[in-house]
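Engineer: My structure is stored as entry.cif, with mmCIF, C-alpha atoms.
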data_data
loop_
_atom_site.label_atom_id
_atom_site.label_comp_id
_atom_site.auth_asym_id
_atom_site.auth_seq_id
_atom_site.Cartn_x
_atom_site.Cartn_y
_atom_site.Cartn_z
CA MET C 33 0.00 0.00 0.00
CA PRO C 34 1.17 3.60 -0.62
CA SER C 35 2.94 5.21 2.32
CA VAL C 36 0.83 8.32 2.96
CA VAL C 37 1.41 10.50 6.04
CA THR C 38 -1.73 12.28 7.24
CA HIS C 39 -0.78 13.60 10.70
CA THR C 40 1.30 16.57 11.84
CA ALA C 41 4.97 15.67 11.99
CA VAL C 42 8.50 16.86 11.42
CA ARG C 43 10.30 14.63 8.97
CA SER C 44 13.61 14.64 7.16
CA ALA C 45 14.71 13.25 3.81
CA ASP C 46 17.22 13.73 1.06
CA VAL C 47 14.62 15.25 -1.27
CA ALA C 48 11.22 16.88 -0.91
CA VAL C 49 9.17 17.00 -4.11
CA ILE C 50 6.35 19.54 -4.14
CA GLY C 51 3.67 18.36 -6.55
CA GLY C 52 2.10 14.97 -7.12
CA GLY C 53 1.38 15.14 -10.85
CA ILE C 54 3.25 13.11 -13.43
CA ILE C 55 6.32 15.37 -13.25
CA GLY C 56 6.60 15.29 -9.46
CA ARG C 57 5.87 11.57 -9.19
CA SER C 58 8.39 10.79 -11.91
CA VAL C 59 11.06 12.83 -10.13
CA ALA C 60 10.26 11.06 -6.87
CA SER C 61 10.40 7.59 -8.42
CA SER C 62 13.62 8.24 -10.34
CA ALA C 63 15.35 9.73 -7.28
CA ALA C 64 14.19 6.89 -5.01
CA ARG C 65 15.42 4.28 -7.49
CA ARG C 66 18.83 5.93 -7.19
CA GLY C 67 18.78 5.36 -3.43
CA MET C 68 17.61 8.78 -2.24
CA SER C 69 14.99 9.17 0.47
CA VAL C 70 12.07 11.15 -0.94
CA ILE C 71 8.95 12.84 0.40
CA VAL C 72 6.22 14.06 -1.96
CA VAL C 73 4.04 16.92 -0.76
CA GLU C 74 0.66 17.03 -2.47
CA PRO C 75 -2.84 17.85 -1.17
CA GLY C 76 -5.09 14.89 -1.88
CA ALA C 77 -7.90 16.84 -3.51
CA GLY C 78 -6.51 20.33 -3.89
CA THR C 79 -4.91 20.23 -7.31
CA PHE C 80 -6.13 20.98 -10.78
CA GLY C 81 -3.42 19.60 -12.99
CA THR C 82 -3.52 17.71 -16.24
CA SER C 83 -1.88 14.39 -15.42
CA SER C 84 -4.91 12.09 -15.52
CA ALA C 85 -7.25 13.20 -18.29
CA ASN C 86 -5.07 14.55 -21.10
CA ALA C 87 -4.73 12.93 -24.51
CA GLY C 88 -2.06 10.48 -23.40
CA HIS C 89 -0.10 10.79 -26.63
CA LEU C 90 3.48 9.54 -26.53
CA VAL C 91 5.13 11.88 -29.01
CA PRO C 92 8.87 11.55 -29.66
CA SER C 93 7.99 13.43 -32.86
CA HIS C 94 7.26 16.67 -30.98
CA VAL C 95 10.86 17.84 -30.75
CA VAL C 96 10.15 21.34 -32.10
CA PRO C 97 9.28 23.82 -29.30
CA PHE C 98 5.82 25.38 -29.32
CA ALA C 99 7.50 28.77 -29.74
CA SER C 100 8.78 28.40 -33.28
CA PRO C 101 8.69 30.42 -36.53
CA GLY C 102 5.13 30.89 -37.72
CA MET C 103 3.48 30.34 -34.34
CA VAL C 104 2.71 34.03 -33.80
CA ARG C 105 0.84 34.20 -37.11
CA ALA C 106 -0.90 30.89 -36.38
CA GLY C 107 -1.91 32.13 -32.94
CA LEU C 108 -3.32 35.38 -34.29
CA HIS C 109 -5.25 33.47 -36.94
CA SER C 110 -6.69 31.19 -34.26
CA LEU C 111 -7.78 34.19 -32.19
CA LEU C 112 -9.47 35.76 -35.20
CA VAL C 113 -11.35 32.68 -36.38
CA ARG C 114 -11.98 31.39 -32.84
CA ASP C 115 -11.16 27.80 -33.75
CA GLY C 116 -10.13 26.89 -30.21
CA ALA C 117 -6.50 26.09 -31.04
CA PHE C 118 -5.17 29.17 -29.26
CA ALA C 119 -7.15 31.60 -27.14
CA VAL C 120 -6.67 34.21 -24.44
CA ALA C 121 -9.26 34.59 -21.70
CA PRO C 122 -10.51 38.22 -21.75
CA ARG C 123 -10.17 38.65 -17.97
CA ALA C 124 -6.56 37.48 -18.10
CA ALA C 125 -5.50 39.37 -21.26
CA VAL C 126 -3.87 42.40 -19.60
CA GLY C 127 -1.82 40.31 -17.20
CA LEU C 128 -0.64 38.05 -20.03
CA VAL C 129 0.80 40.85 -22.20
CA PRO C 130 4.41 40.35 -20.94
CA TRP C 131 4.14 36.58 -21.51
CA LEU C 132 2.74 37.05 -25.01
CA TRP C 133 5.47 39.56 -25.84
CA ARG C 134 8.11 37.09 -24.74
CA PHE C 135 6.40 34.32 -26.71
CA ALA C 136 6.55 36.44 -29.86
CA ARG C 137 10.25 37.18 -29.34
CA CYS C 138 11.05 33.51 -28.66
CA SER C 139 9.30 32.15 -31.75
CA THR C 140 12.50 31.96 -33.76
CA ALA C 141 14.66 29.43 -35.56
CA ALA C 142 17.34 29.97 -32.91
CA ASN C 143 14.91 28.90 -30.19
CA VAL C 144 14.14 25.74 -32.16
CA GLN C 145 17.84 25.01 -32.62
CA ARG C 146 18.43 25.33 -28.86
CA GLY C 147 15.35 23.44 -27.82
CA VAL C 148 15.31 20.37 -30.06
CA PRO C 149 18.14 18.47 -28.29
CA VAL C 150 16.46 18.92 -24.91
CA LEU C 151 12.98 17.94 -26.03
CA ARG C 152 14.36 15.00 -27.99
CA HIS C 153 16.07 13.66 -24.88
CA LEU C 154 13.05 14.15 -22.59
CA LEU C 155 10.60 12.62 -25.05
CA HIS C 156 12.76 9.65 -26.06
CA THR C 157 13.66 8.91 -22.44
CA THR C 158 9.96 8.91 -21.62
CA VAL C 159 9.35 6.36 -24.39
CA GLN C 160 12.03 4.15 -22.84
CA GLU C 161 10.55 4.55 -19.36
CA VAL C 162 7.03 3.73 -20.54
CA ARG C 163 8.30 0.59 -22.26
CA ARG C 164 10.26 -0.36 -19.14
CA LEU C 165 7.17 -0.03 -16.97
CA ALA C 166 5.05 -1.98 -19.44
CA THR C 167 7.66 -4.76 -19.64
CA ALA C 168 7.69 -4.90 -15.83
CA GLY C 169 3.94 -5.57 -15.87
CA ALA C 170 2.38 -2.14 -15.43
CA THR C 171 -1.04 -1.73 -17.04
CA LEU C 172 -0.81 1.41 -19.18
CA ASP C 173 -3.27 0.80 -22.02
CA HIS C 174 -0.24 1.39 -24.24
CA ARG C 175 -0.74 1.33 -28.01
CA ASP C 176 2.12 1.53 -30.52
CA GLY C 177 1.77 2.01 -34.28
CA GLY C 178 1.99 5.77 -34.73
CA ILE C 179 -0.38 8.72 -34.55
CA LEU C 180 -2.34 9.90 -37.59
CA GLN C 181 -2.51 13.61 -38.32
CA VAL C 182 -5.75 13.76 -40.30
CA CYS C 183 -6.61 16.58 -42.70
CA SER C 184 -9.96 17.59 -44.12
CA THR C 185 -8.75 20.33 -46.49
CA ALA C 186 -6.25 20.29 -49.34
CA ALA C 187 -4.51 23.35 -47.92
CA GLY C 188 -4.17 21.69 -44.54
CA LEU C 189 -2.72 18.53 -46.04
CA GLN C 190 -0.25 20.50 -48.12
CA ALA C 191 0.87 22.46 -45.06
CA LEU C 192 1.20 19.28 -43.03
CA ARG C 193 3.35 17.68 -45.74
CA ARG C 194 5.65 20.69 -45.67
CA GLU C 195 5.92 20.39 -41.91
CA ALA C 196 6.68 16.68 -42.23
CA ASP C 197 9.57 17.51 -44.55
CA GLU C 198 10.92 19.95 -41.95
CA TRP C 199 10.52 17.43 -39.14
CA GLY C 200 12.54 14.99 -41.19
CA HIS C 201 15.55 17.25 -40.70
CA TRP C 202 15.26 16.52 -36.97
CA GLY C 203 15.01 12.76 -37.47
CA VAL C 204 11.22 12.50 -37.19
CA ARG C 205 9.86 9.62 -39.28
CA THR C 206 6.60 10.24 -41.16
CA GLU C 207 4.42 8.49 -43.71
CA VAL C 208 1.95 10.23 -46.03
CA LEU C 209 -1.42 8.50 -46.57
CA ASP C 210 -3.71 9.45 -49.44
CA SER C 211 -7.48 9.26 -49.07
CA ALA C 212 -7.77 5.61 -50.12
CA ALA C 213 -5.02 4.41 -47.81
CA LEU C 214 -6.38 6.47 -44.93
CA HIS C 215 -9.93 5.16 -45.20
CA ALA C 216 -8.68 1.60 -45.60
CA ALA C 217 -6.74 1.98 -42.35
CA GLU C 218 -9.48 3.92 -40.53
CA PRO C 219 -13.00 3.02 -41.76
CA LEU C 220 -14.60 5.13 -39.00
CA LEU C 221 -13.43 8.34 -40.70
CA THR C 222 -16.00 10.24 -42.73
CA MET C 223 -15.38 11.34 -46.30
CA ALA C 224 -14.38 14.74 -44.92
CA ALA C 225 -10.97 13.21 -44.21
CA ILE C 226 -8.92 13.48 -47.39
CA GLY C 227 -5.45 12.41 -46.27
CA ALA C 228 -3.07 12.14 -43.36
CA VAL C 229 0.52 12.11 -42.20
CA ARG C 230 1.42 9.31 -39.82
CA LEU C 231 3.93 10.09 -37.08
CA VAL C 232 5.47 6.63 -37.27
CA ASP C 233 7.19 6.38 -33.89
CA ASP C 234 4.43 7.92 -31.78
CA ALA C 235 2.00 6.01 -29.56
CA CYS C 236 -0.66 6.54 -26.92
CA PHE C 237 -1.41 5.40 -23.38
CA ASP C 238 -3.83 6.14 -20.56
CA PRO C 239 -2.20 8.99 -18.63
CA GLY C 240 -4.08 8.15 -15.44
CA LEU C 241 -2.66 4.63 -15.53
CA LEU C 242 0.84 5.97 -16.16
CA LEU C 243 0.55 8.31 -13.16
CA ALA C 244 -0.64 5.41 -10.99
CA ALA C 245 2.20 3.15 -12.18
CA VAL C 246 4.90 5.76 -11.55
CA THR C 247 3.40 6.57 -8.15
CA GLU C 248 3.32 2.92 -7.13
CA GLU C 249 6.88 2.33 -8.29
CA GLY C 250 8.02 5.28 -6.19
CA HIS C 251 6.26 3.92 -3.10
CA ARG C 252 7.84 0.51 -3.64
CA HIS C 253 11.22 2.24 -3.46
CA GLY C 254 10.41 4.10 -0.27
CA VAL C 255 8.78 7.36 -1.41
CA VAL C 256 6.59 8.81 1.35
CA SER C 257 3.60 10.96 0.40
CA TYR C 258 2.48 13.88 2.57
CA ASP C 259 -1.21 14.75 2.18
CA ALA C 260 -0.49 18.44 2.70
CA ARG C 261 -0.09 21.78 1.02
CA ALA C 262 3.35 23.41 0.77
CA ALA C 263 3.29 26.95 2.16
CA ARG C 264 6.89 28.10 2.08
CA ILE C 265 10.41 26.99 1.24
CA GLU C 266 13.18 28.15 3.56
CA PRO C 267 16.70 27.60 2.18
CA ARG C 268 19.29 26.98 4.90
CA GLY C 269 22.47 27.79 3.03
CA ASP C 270 23.22 26.07 -0.27
CA ARG C 271 22.94 22.50 0.98
CA SER C 272 19.67 22.16 2.86
CA ALA C 273 16.19 23.60 3.18
CA ARG C 274 13.04 23.50 5.24
CA VAL C 275 9.65 23.05 3.64
CA HIS C 276 6.81 24.47 5.70
CA THR C 277 3.60 22.59 4.98
CA SER C 278 0.05 22.55 6.32
CA MET C 279 1.03 19.40 8.19
CA GLY C 280 4.38 20.31 9.62
CA VAL C 281 7.98 21.04 8.67
CA LEU C 282 10.24 18.95 6.48
CA ASP C 283 14.03 19.13 6.84
CA VAL C 284 15.61 18.10 3.55
CA THR C 285 18.79 18.40 1.56
CA ARG C 286 17.13 19.40 -1.71
CA VAL C 287 13.69 20.58 -2.79
CA VAL C 288 12.16 19.98 -6.22
CA VAL C 289 9.23 22.24 -7.09
CA ALA C 290 7.02 20.43 -9.59
CA ALA C 291 3.79 22.23 -8.78
CA GLY C 292 2.63 23.01 -12.31
CA VAL C 293 1.06 26.44 -12.72
CA TRP C 294 1.54 27.11 -9.01
CA THR C 295 5.34 26.79 -9.23
CA PRO C 296 6.01 30.55 -9.63
CA THR C 297 4.13 31.32 -6.40
CA LEU C 298 6.43 29.07 -4.38
CA CYS C 299 9.59 30.27 -6.12
CA ARG C 300 8.95 34.02 -6.12
CA PRO C 301 9.99 34.52 -2.45
CA LEU C 302 13.30 32.90 -3.39
CA GLY C 303 14.05 35.62 -5.94
CA ALA C 304 12.87 33.73 -9.03
CA ARG C 305 10.28 35.23 -11.36
CA LEU C 306 9.27 32.34 -13.59
CA PRO C 307 7.05 33.27 -16.55
CA ILE C 308 4.71 30.30 -16.35
CA ALA C 309 1.18 30.93 -17.65
CA SER C 310 -1.89 28.76 -17.23
CA ALA C 311 -2.95 27.18 -20.53
CA ARG C 312 -6.32 25.55 -20.07
CA GLY C 313 -7.27 22.40 -21.97
CA ASN C 314 -10.49 20.38 -22.13
CA SER C 315 -11.37 16.76 -22.75
CA VAL C 316 -14.32 14.41 -22.87
CA THR C 317 -14.13 10.62 -22.67
CA LEU C 318 -16.96 8.83 -24.49
CA PRO C 319 -17.34 5.27 -23.14
CA ASP C 320 -19.83 4.11 -25.78
CA ALA C 321 -18.42 5.81 -28.87
CA PRO C 322 -16.77 3.77 -31.65
CA LYS C 323 -12.99 3.99 -31.53
CA PRO C 324 -10.55 4.36 -34.42
CA ASN C 325 -7.70 1.93 -34.79
CA SER C 326 -5.06 4.59 -34.15
CA PRO C 327 -4.77 7.71 -32.02
CA MET C 328 -5.24 10.84 -34.12
CA LEU C 329 -4.63 14.55 -34.34
CA LEU C 330 -7.41 16.22 -36.32
CA HIS C 331 -5.55 19.02 -38.05
CA GLU C 332 -8.33 21.48 -38.92
CA GLN C 333 -10.46 20.64 -35.88
CA ARG C 334 -7.50 21.10 -33.52
CA LEU C 335 -8.40 17.99 -31.54
CA ALA C 336 -6.57 14.91 -30.28
CA LEU C 337 -8.30 11.51 -30.28
CA SER C 338 -7.18 8.64 -28.06
CA PRO C 339 -8.79 5.17 -28.30
CA LEU C 340 -8.52 4.02 -24.67
CA THR C 341 -10.04 1.01 -22.96
CA GLN C 342 -12.24 3.32 -20.90
CA GLY C 343 -13.55 5.05 -24.04
CA LEU C 344 -12.73 7.48 -26.81
CA ARG C 345 -10.96 10.50 -25.35
CA VAL C 346 -11.22 13.75 -27.29
CA THR C 347 -8.98 16.60 -26.15
CA GLY C 348 -8.51 20.17 -27.33
CA GLY C 349 -7.88 23.77 -26.45
CA TYR C 350 -4.99 26.02 -25.45
CA ARG C 351 -6.59 28.91 -23.60
CA LEU C 352 -4.23 31.21 -21.72
CA THR C 353 -6.09 32.13 -18.59
CA ARG C 354 -5.96 32.67 -14.82
CA HIS C 355 -5.29 30.01 -12.20
CA GLU C 356 -8.87 30.42 -11.01
CA ASP C 357 -10.38 29.53 -14.39
CA ARG C 358 -11.24 25.94 -13.52
CA ALA C 359 -14.93 25.48 -14.27
CA VAL C 360 -15.87 22.81 -16.81
CA SER C 361 -17.60 24.44 -19.78
CA SER C 362 -20.55 22.43 -21.09
CA LEU C 363 -20.53 24.56 -24.26
CA ARG C 364 -16.87 23.73 -24.85
CA SER C 365 -17.51 20.01 -24.27
CA HIS C 366 -20.35 19.97 -26.81
CA GLU C 367 -18.15 21.87 -29.27
CA ILE C 368 -15.40 19.26 -28.89
CA VAL C 369 -17.85 16.46 -29.69
CA ARG C 370 -19.30 18.40 -32.63
CA ARG C 371 -15.89 19.00 -34.18
CA ALA C 372 -14.83 15.40 -33.71
CA GLY C 373 -18.02 14.37 -35.50
CA GLN C 374 -16.95 16.33 -38.56
CA VAL C 375 -14.28 13.74 -39.27
CA LEU C 376 -15.21 10.69 -37.21
CA ASP C 377 -18.45 8.77 -37.72
CA LEU C 378 -19.94 9.23 -34.26
CA PRO C 379 -23.50 8.05 -33.53
CA VAL C 380 -26.17 10.71 -33.96
CA GLY C 381 -26.87 12.43 -30.68
CA THR C 382 -23.54 11.60 -29.04
CA GLN C 383 -23.33 13.63 -25.84
CA PRO C 384 -20.24 14.68 -23.88
CA SER C 385 -19.38 12.57 -20.87
CA ASN C 386 -16.56 12.49 -18.33
CA GLU C 387 -15.96 16.19 -18.96
CA TRP C 388 -12.70 17.58 -17.67
CA THR C 389 -10.56 20.68 -17.78
CA GLY C 390 -7.02 21.26 -16.55
CA LEU C 391 -4.31 23.91 -16.45
CA ARG C 392 -1.04 23.31 -18.28
CA PRO C 393 2.06 25.25 -17.14
CA ALA C 394 3.23 27.09 -20.26
CA THR C 395 6.50 28.97 -20.78
CA PRO C 396 7.00 31.66 -23.45
CA ASP C 397 9.81 29.77 -25.18
CA GLY C 398 7.91 26.47 -25.23
CA LEU C 399 10.60 24.70 -23.20
CA PRO C 400 10.29 23.31 -19.68
CA ILE C 401 12.05 24.82 -16.69
CA VAL C 402 14.40 22.25 -15.19
CA GLY C 403 17.26 23.09 -12.87
CA ALA C 404 18.39 24.87 -9.72
CA LEU C 405 17.28 28.38 -8.80
CA PRO C 406 20.18 30.84 -9.07
CA ASN C 407 19.54 32.37 -5.64
CA ALA C 408 18.70 29.09 -3.91
CA PRO C 409 20.80 26.23 -5.37
CA CYS C 410 19.21 23.69 -3.03
CA VAL C 411 15.85 24.28 -4.76
CA LEU C 412 15.28 22.79 -8.20
CA VAL C 413 12.35 23.47 -10.53
CA ALA C 414 10.67 20.92 -12.78
CA SER C 415 7.74 22.63 -14.46
CA GLY C 416 6.60 24.49 -17.57
CA HIS C 417 6.09 21.45 -19.82
CA GLY C 418 3.00 22.89 -21.53
CA MET C 419 1.21 20.24 -23.59
CA LEU C 420 4.04 17.73 -23.12
CA GLY C 421 3.67 16.96 -19.41
CA SER C 422 2.74 13.29 -19.59
CA SER C 423 4.74 12.87 -22.81
CA SER C 424 7.94 14.01 -21.11
CA GLY C 425 7.22 13.37 -17.41
CA PRO C 426 9.23 10.16 -16.82
CA GLY C 427 12.05 11.59 -18.94
CA THR C 428 12.07 14.71 -16.79
CA GLY C 429 12.19 12.51 -13.70
CA GLU C 430 15.36 10.87 -14.97
CA VAL C 431 16.95 14.24 -15.79
CA VAL C 432 16.16 15.76 -12.38
CA ALA C 433 17.41 12.64 -10.59
CA ALA C 434 20.65 12.97 -12.56
CA LEU C 435 20.95 16.61 -11.47
CA LEU C 436 20.33 15.64 -7.85
CA ALA C 437 23.06 13.01 -8.12
CA GLY C 438 25.50 15.45 -9.74
CA ASP C 439 25.62 13.58 -13.04
CA GLU C 440 26.38 15.21 -16.39
CA LEU C 441 23.47 15.65 -18.79
CA PRO C 442 23.60 14.81 -22.52
CA PHE C 443 22.41 18.31 -23.46
CA ASP C 444 23.21 21.89 -22.48
CA PRO C 445 21.36 22.33 -19.15
CA THR C 446 21.36 26.12 -19.41
CA VAL C 447 18.79 25.88 -22.21
CA VAL C 448 16.10 24.87 -19.68
CA ALA C 449 17.59 26.35 -16.50
CA PRO C 450 15.42 28.79 -14.49
CA GLY C 451 18.09 31.46 -14.81
CA ARG C 452 17.57 31.82 -18.56
CA PHE C 453 14.65 34.18 -17.95
CA ALA C 454 16.84 36.59 -16.00
CA ARG C 455 19.18 37.31 -18.91
CA LYS C 456 18.99 40.94 -19.85
CA GLY C 457 18.19 41.69 -23.45
CA SER C 458 17.56 38.04 -24.30
CA GLY C 459 13.82 38.37 -24.79
CA ARG C 460 13.56 35.15 -22.80
#
Any chance you could put this one into structure tokens?
Structural biologist:
Amino acid sequence: MPSVVTHTAVRSADVAVIGGGIIGRSVASSAARRGMSVIVVEPGAGTFGTSSANAGHLVPSHVVPFASPGMVRAGLHSLLVRDGAFAVAPRAAVGLVPWLWRFARCSTAANVQRGVPVLRHLLHTTVQEVRRLATAGATLDHRDGGILQVCSTAAGLQALRREADEWGHWGVRTEVLDSAALHAAEPLLTMAAIGAVRLVDDACFDPGLLLAAVTEEGHRHGVVSYDARAARIEPRGDRSARVHTSMGVLDVTRVVVAAGVWTPTLCRPLGARLPIASARGNSVTLPDAPKPNSPMLLHEQRLALSPLTQGLRVTGGYRLTRHEDRAVSSLRSHEIVRRAGQVLDLPVGTQPSNEWTGLRPATPDGLPIVGALPNAPCVLVASGHGMLGSSSGPGTGEVVAALLAGDELPFDPTVVAPGRFARKGSGR
């Protein structure tokens, strides 16, 4: 059974991990498997992350950062046509101006060049970790065979083919399917689907099952979970810290803040201003809907489809908003089902079910924040993964565990270090 502490206590450990989502649990498991004593601090019902009900796409193909050439134009187009791919909540717009300005400045070829090696390592390491867990007997609802990017317009298919050519430069394997090949492979698609590009090495899994498997593995290696809320981090020199929680005080050697969109709040008193915005996503899981043979990305509809044992999951949306914007929108859920029905042959009258919304921690350069805080070296950050949280969570766990152990990383760690946002004149 999981080791969960529910009473007031003072405890000590090598590492305290703040955050019990896929990033925090992966860090805890990886560190514990290296022999470190680990405590995870996470309120049992107080979070609103994205680790359990996202698309569950395993995407080693997604090595290009979200902030890349063309994304500013694409974002503006999305705002104008209101297609749900990119949106800014009106009440949050003023506060997001500095983030959006940084995003525009970071959407460059240079940012892609810097970011690809990091994302490649995180994503490919996650693939290896998922396969390791599955081989060890974990139930993940894992499905190999690639992900289909399905187009319903000639312009969209042409654009996707151009992108596939560009991805090829980064080692991403793709396969173009014409209409006949696509419908032979996926008979549930309507005639609106005219072609696709298969991301050959991609896969899907149930993210809730992955979170459970990583959590259990951590507990088997001695991870202790505190059902508590972290209030404050108190560095005690460069080599130890105290974590003040709603349940008591933890004396630890290192702290890892993996608290998603709430990470900046905990790090600000330590002199770190981390530009993490809340990017809200939505999903529905339809238990009785027919399921395609492969997971899909519907290009024009801006939706992800995942055929899971529990049902067909349909996910979409990237709405920059406030932390408080957590209400499930019935209108948005119905819109997701309607758009999916444009391409997939859903039964007439299909209604949303298992509606969910969550907040992704998004950085303006589209790269995660992983590394020690400049003013508090005993505190590390592991956050800002945007839409790649579950897809890069176990990989991030391995990277952070390596940092905790003092190991050398196979990429330039300054690219994702928290201090990169403090560089004057960098636009980052």
Engineer: Could you tell me, as a count of residues only, exactly which residues end up selected when the PyMOL selection byres ((chain C and resi 329) around 8) is applied to this structure?
Structural biologist: 12
Engineer: Which residues come within 9 Å of stretch 362-369 of chain C, counting all atoms listed in the file, excluding same-chain residues fewer than 3 positions away, as a list of chain:residue names?
Structural biologist: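 The contact residues come out as C:Asn314, C:Ser315, C:Val316, C:Gln333, C:Leu335, C:Val346, C:Thr347, C:Gly348, C:Ala372, C:Gly373, C:Gln374, C:Leu378, C:Thr382, C:Gln383, C:Pro384, C:Ser385, C:Glu387, C:Trp388.
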Engineer: Can you work out which one of C:Pro393, C:Pro307, C:Pro400, C:Gly349 has the shortest atom-to-atom distance to C:Gly127, counting only C-alpha atoms?
Structural biologist: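 Closest residue, counting only C-alpha atoms: C:Pro307.
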Engineer: Go through the shown structure with the PyMOL selection byres ((chain C and resi 256) around 7) and write out the matching residues as a ChimeraX atom specification.
Structural biologist: /C:35-36,70-72,251,254-255,257-258
Engineer: Counting only C-alpha atoms, which residues of stretch 350-457 of chain C sit at most 8 Å from some atom of stretch 139-147 of chain C, and what is each one's closest atom pair with its distance in Å to one decimal, listed by chain and rising residue number, as a Markdown table?
Structural biologist:
| residue | atom | partner | partner_atom | distance |
| --- | --- | --- | --- | --- |
| C:Asp397 | CA | C:Ser139 | CA | 7.0 |
| C:Leu399 | CA | C:Gly147 | CA | 6.7 |
| C:Val447 | CA | C:Arg146 | CA | 6.7 |
Engineer: What does the structure give for the distance between atom CA of C:Leu302 and atom CA of C:Leu391, in Å to one decimal?
Structural biologist: 23.7 Å
Engineer: Expanded to explicit residues, what is the PyMOL selection byres ((chain C and resi 195-197) around 12) for this file, as a list in words?
Structural biologist: Ser93, His94, Val96, Pro101, Gly102, Gln181, Gly188, Leu189, Gln190, Ala191, Leu192, Arg193, Arg194, Glu198, Trp199, Gly200, His201, Trp202, Gly203, Val204, Arg205, Thr206, Glu207, Val208, Ala228, Val229, Arg230, Leu231 and Val232 of chain C
Engineer: Quick one: 4 Å padding each side, axis-aligned, all listed atoms of stretch 171-187 of chain C - centre and edge lengths in Å to one decimal, as lines of an AutoDock Vina configuration file?
Structural biologist:
center_x = -3.9
center_y = 10.8
center_z = -33.2
size_x = 20.1
size_y = 33.1
size_z = 40.3
Engineer: Return the single residue from C:His355, C:His253, C:Arg175, C:His276 that is closest to C:Met68, with distances computed using only C-alpha atoms.
Structural biologist: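 Closest residue, counting only C-alpha atoms: C:His253.
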Engineer: What's the 8 Å shell around C:Asp234, counting only C-alpha atoms, without same-chain residues fewer than 3 positions away, as a ChimeraX atom specification?
Structural biologist: /C:89-93,176-179,231
Engineer: Please provide as a tab-separated table (two decimals) with C-alpha atoms, in the coordinates of the input all residues within 10 Å of C:Ala213, with the sequence filter that same-chain residues fewer than 4 positions apart are discarded (counting only C-alpha atoms).
Structural biologist:
chain	number	residue	atom	x	y	z
C	208	VAL	CA	1.95	10.23	-46.03
C	209	LEU	CA	-1.42	8.50	-46.57
C	217	ALA	CA	-6.74	1.98	-42.35
C	218	GLU	CA	-9.48	3.92	-40.53
C	226	ILE	CA	-8.92	13.48	-47.39
C	227	GLY	CA	-5.45	12.41	-46.27
C	228	ALA	CA	-3.07	12.14	-43.36
Engineer: Which one of C:Ala216, C:Val95, C:Arg312, C:Cys138 sits closest to C:Val120 if you count only C-alpha atoms?
Structural biologist: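 Closest candidate: C:Arg312.
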Engineer: Record the distance separating atom CA of C:Phe237 and atom CA of C:Leu172, expressed in Å with one decimal.
Structural biologist: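 Going from atom CA of C:Phe237 over to atom CA of C:Leu172, I get 5.8 Å.
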Engineer: Rank C:Gly269, C:Pro396, C:Pro442, C:Pro296 by their smallest atom-to-atom distance to C:Leu128, using only C-alpha atoms, and report the top residue only.
Structural biologist: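 Counting only C-alpha atoms, the residue closest to C:Leu128 is C:Pro396.
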Engineer: Which one is closest to C:Ser415: C:Thr285, C:Thr395, C:Ser361, C:Asn386? Count only C-alpha atoms.
Structural biologist: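 Of C:Thr285, C:Thr395, C:Ser361, C:Asn386, the one nearest C:Ser415 is C:Thr395, counting only C-alpha atoms.
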